[in-house]
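J.: Please read through the structure below; I'll follow up with questions.
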Amino acid sequence: MLFKMVRKTIDALLIGGMMISLLLAVLLSSLQYVAFNGNFYKEEYEKNDVMSVTGMSTDELMKITKIMQRYLMDKEETLDVSAKINGSMQRMFNDRELAHMKDVKDLFQMGFLTRNISIIVFILIFTYFLFAKSFYKAFDYLLKGTIFVIIFLLVFALGVTFDFDNWFTGFHLVFFDNDLWQLNVETDRLIQMFPLEFFQDAVFVIFRNAFFTFIVILAIVYGILKMTKKPVF
């Protein structure tokens, strides 16, 4: 009896670990897609009239954007660059902005590592279920876990949508141990390039992509289970 309870507890923890790792892998992959998608930036710059706010052309903004993307991938040493602003070459970012972007870069690098580890953890746990339980059990756990994740994404996305300002502030308080992220829209080009509306749209796309990814996973797993000729639920 005690052994059964312990085994069920371990299985529950492993299922939770499997789904958390899959959720992290999907969310962080979706984040990477948005963060390094040049078309998304260009559309947002046009939508938020960033050219007028910064005094920079679209081409100049995209040039800086590509440098920033390479910096976040750890392929550029510094963001201390110059750009053509209001017709003259000027320093793009001040020291406070550069310090904040260093923090952002560190966060991205941690995100890449977390995503890769999450993929490995998911594969290991799922493989364990395949061999220690059965083919059917492994996919049954994945199906039920995916349904839970989809519900979680919907609830979380609704909460973020209704109170994005507080959520955005809370995110920074959790992931940054300083106030460098509090920038001045009048003087700091970083916040001029990326106003709150940019992040609202980015978060929407990230969660939308993650949601549909899990819908696809759900459909595939459901189809596999149906082919086993056993009841799915």
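Letters for chains follow the order of the structure tokens (A, B, ...), residue numbers begin at 1 for each chain, and ligand numbers begin at 1 in the order shown.
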I'd like the neighbourhood of Leu61 of chain A as an NGL selection string, where a residue qualifies if any of its atoms comes within 9 Å (using only C-alpha atoms), though same-chain residues fewer than 3 positions away should be ignored.

T.: :A and (42 or 45 or 50-51 or 54 or 56-58 or 64-66 or 83 or 193)

J.: Keeping only N, CA and C atoms, write the selected residues as a CSV table (one decimal), in the first residue's frame.

T.:
chain,number,residue,atom,x,y,z
A,42,LYS,N,9.8,45.4,-37.5
A,42,LYS,CA,9.5,46.4,-38.6
A,42,LYS,C,8.0,46.8,-38.5
A,45,TYR,N,7.5,48.9,-35.3
A,45,TYR,CA,8.1,50.3,-35.5
A,45,TYR,C,7.1,51.2,-36.3
A,50,VAL,N,7.6,54.7,-34.5
A,50,VAL,CA,8.9,54.9,-33.8
A,50,VAL,C,9.9,55.7,-34.6
A,51,MET,N,9.7,55.8,-35.9
A,51,MET,CA,10.6,56.6,-36.8
A,51,MET,C,10.5,58.1,-36.4
A,54,THR,N,11.9,58.6,-32.6
A,54,THR,CA,13.4,58.6,-32.5
A,54,THR,C,14.1,59.5,-33.5
A,56,MET,N,14.7,58.5,-36.5
A,56,MET,CA,15.5,57.6,-37.3
A,56,MET,C,14.7,57.0,-38.4
A,57,SER,N,15.4,56.7,-39.5
A,57,SER,CA,14.7,56.0,-40.6
A,57,SER,C,14.4,54.6,-40.3
A,58,THR,N,13.6,54.0,-41.1
A,58,THR,CA,13.3,52.5,-40.9
A,58,THR,C,14.6,51.7,-41.1
A,64,ILE,N,20.1,48.9,-36.3
A,64,ILE,CA,20.4,48.8,-34.9
A,64,ILE,C,19.7,47.6,-34.3
A,65,THR,N,18.5,47.2,-34.8
A,65,THR,CA,17.8,46.1,-34.4
A,65,THR,C,18.6,44.8,-34.6
A,66,LYS,N,19.2,44.7,-35.8
A,66,LYS,CA,20.1,43.5,-36.1
A,66,LYS,C,21.3,43.4,-35.2
A,83,ALA,N,24.4,55.9,-34.5
A,83,ALA,CA,23.4,55.8,-35.5
A,83,ALA,C,23.0,57.2,-36.1
A,193,MET,N,12.1,53.1,-28.8
A,193,MET,CA,12.1,52.0,-29.8
A,193,MET,C,11.1,50.9,-29.3

J.: If you run DSSP on this backbone, which residues of segment 45-212 of chain A come out as alpha helix (DSSP H), and could you give them as an MDAnalysis selection string?

T.: chainID A and resid 45:47 50:54 58:72 95:132 135:162 164:175 189:193 196:212

J.: Find the spatial neighbours of segment 198-205 of chain A, counting only C-alpha atoms, within a cut-off of 10 Å - ignore same-chain residues fewer than 2 positions away - and output them as a list in words.

T.: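 Listing them by chain and then by number gives Ser30, Leu31, Tyr33, Val34, Ala35, Phe40, Tyr41, Glu43, Glu44, Tyr45, Lys47, Asn48, Ala157, Val160, Thr161, Phe164, Asp165, Phe168, Ile191, Met193, Phe194, Pro195, Leu196, Phe207, Arg208, Asn209, Ala210 and Phe211 of chain A.
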
J.: Going by DSSP on the backbone, which residues of segment 59-189 of chain A come out as strand (DSSP E)? List them as an NGL selection string.

T.: :A and (82-85 or 88-91)

J.: Write out as a ChimeraX atom specification which residues come within 10 Å of Ile147 of chain A when counting only C-alpha atoms, dropping same-chain ones fewer than 6 positions away.

T.: /A:153,214-215,217-218

J.: By how many Å are atom CA of Phe126 of chain A and atom CA of Ile224 of chain A apart?

T.: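 The value is 14.9 Å.
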
J.: Out of A:Lys105, A:Lys84, A:Lys4, A:Arg91, which residue has the shortest atom-to-atom distance to Phe176 of chain A when counting only C-alpha atoms?

T.: A:Lys105

J.: Could you give me, as a list of chain:residue names, the residues within 10 Å of Asp179 of chain A, counting only C-alpha atoms and dropping anything in the same chain fewer than 6 positions from it?

T.: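 After dropping sequence-adjacent residues, the list is A:Arg96, A:His100, A:His172, A:Leu173.
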
J.: Compile the contact shell of Ser29 of chain A as a PyMOL selection string: residues with an atom at most 9 Å away, counting only C-alpha atoms, same-chain residues fewer than 6 positions apart removed.

T.: chain A and resi 112+115+206+210

J.: Deliver the residues from the most recent selection as a file, using N, CA and C atoms, as a CSV table (one decimal), in the first residue's frame.

T.:
chain,number,residue,atom,x,y,z
A,112,PHE,N,18.1,30.7,-23.2
A,112,PHE,CA,18.5,29.7,-24.1
A,112,PHE,C,18.9,28.4,-23.4
A,115,ARG,N,15.8,26.6,-22.0
A,115,ARG,CA,15.1,25.9,-23.1
A,115,ARG,C,15.8,24.6,-23.5
A,206,ILE,N,3.8,35.5,-28.5
A,206,ILE,CA,4.4,34.4,-27.8
A,206,ILE,C,3.4,33.4,-27.3
A,210,ALA,N,2.5,29.6,-28.6
A,210,ALA,CA,2.6,28.5,-27.7
A,210,ALA,C,1.2,27.8,-27.6

J.: Using Å and a single decimal, report how far atom CA of Phe156 of chain A sits from atom CA of Ala219 of chain A.

T.: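 Straight-line distance from atom CA of Ala219 of chain A to atom CA of Phe156 of chain A works out to 21.8 Å.
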
J.: Can you measure atom CA of Ser134 of chain A to atom CA of Ile117 of chain A for me? One decimal in Å is fine.

T.: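 These two atoms are separated by 24.6 Å.
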
J.: Compile the contact shell of Phe175 of chain A as a list in words: residues with an atom at most 10 Å away, counting only C-alpha atoms, same-chain residues fewer than 5 positions apart removed.

T.: Asp103, Val104, Leu107 and Gly170 of chain A
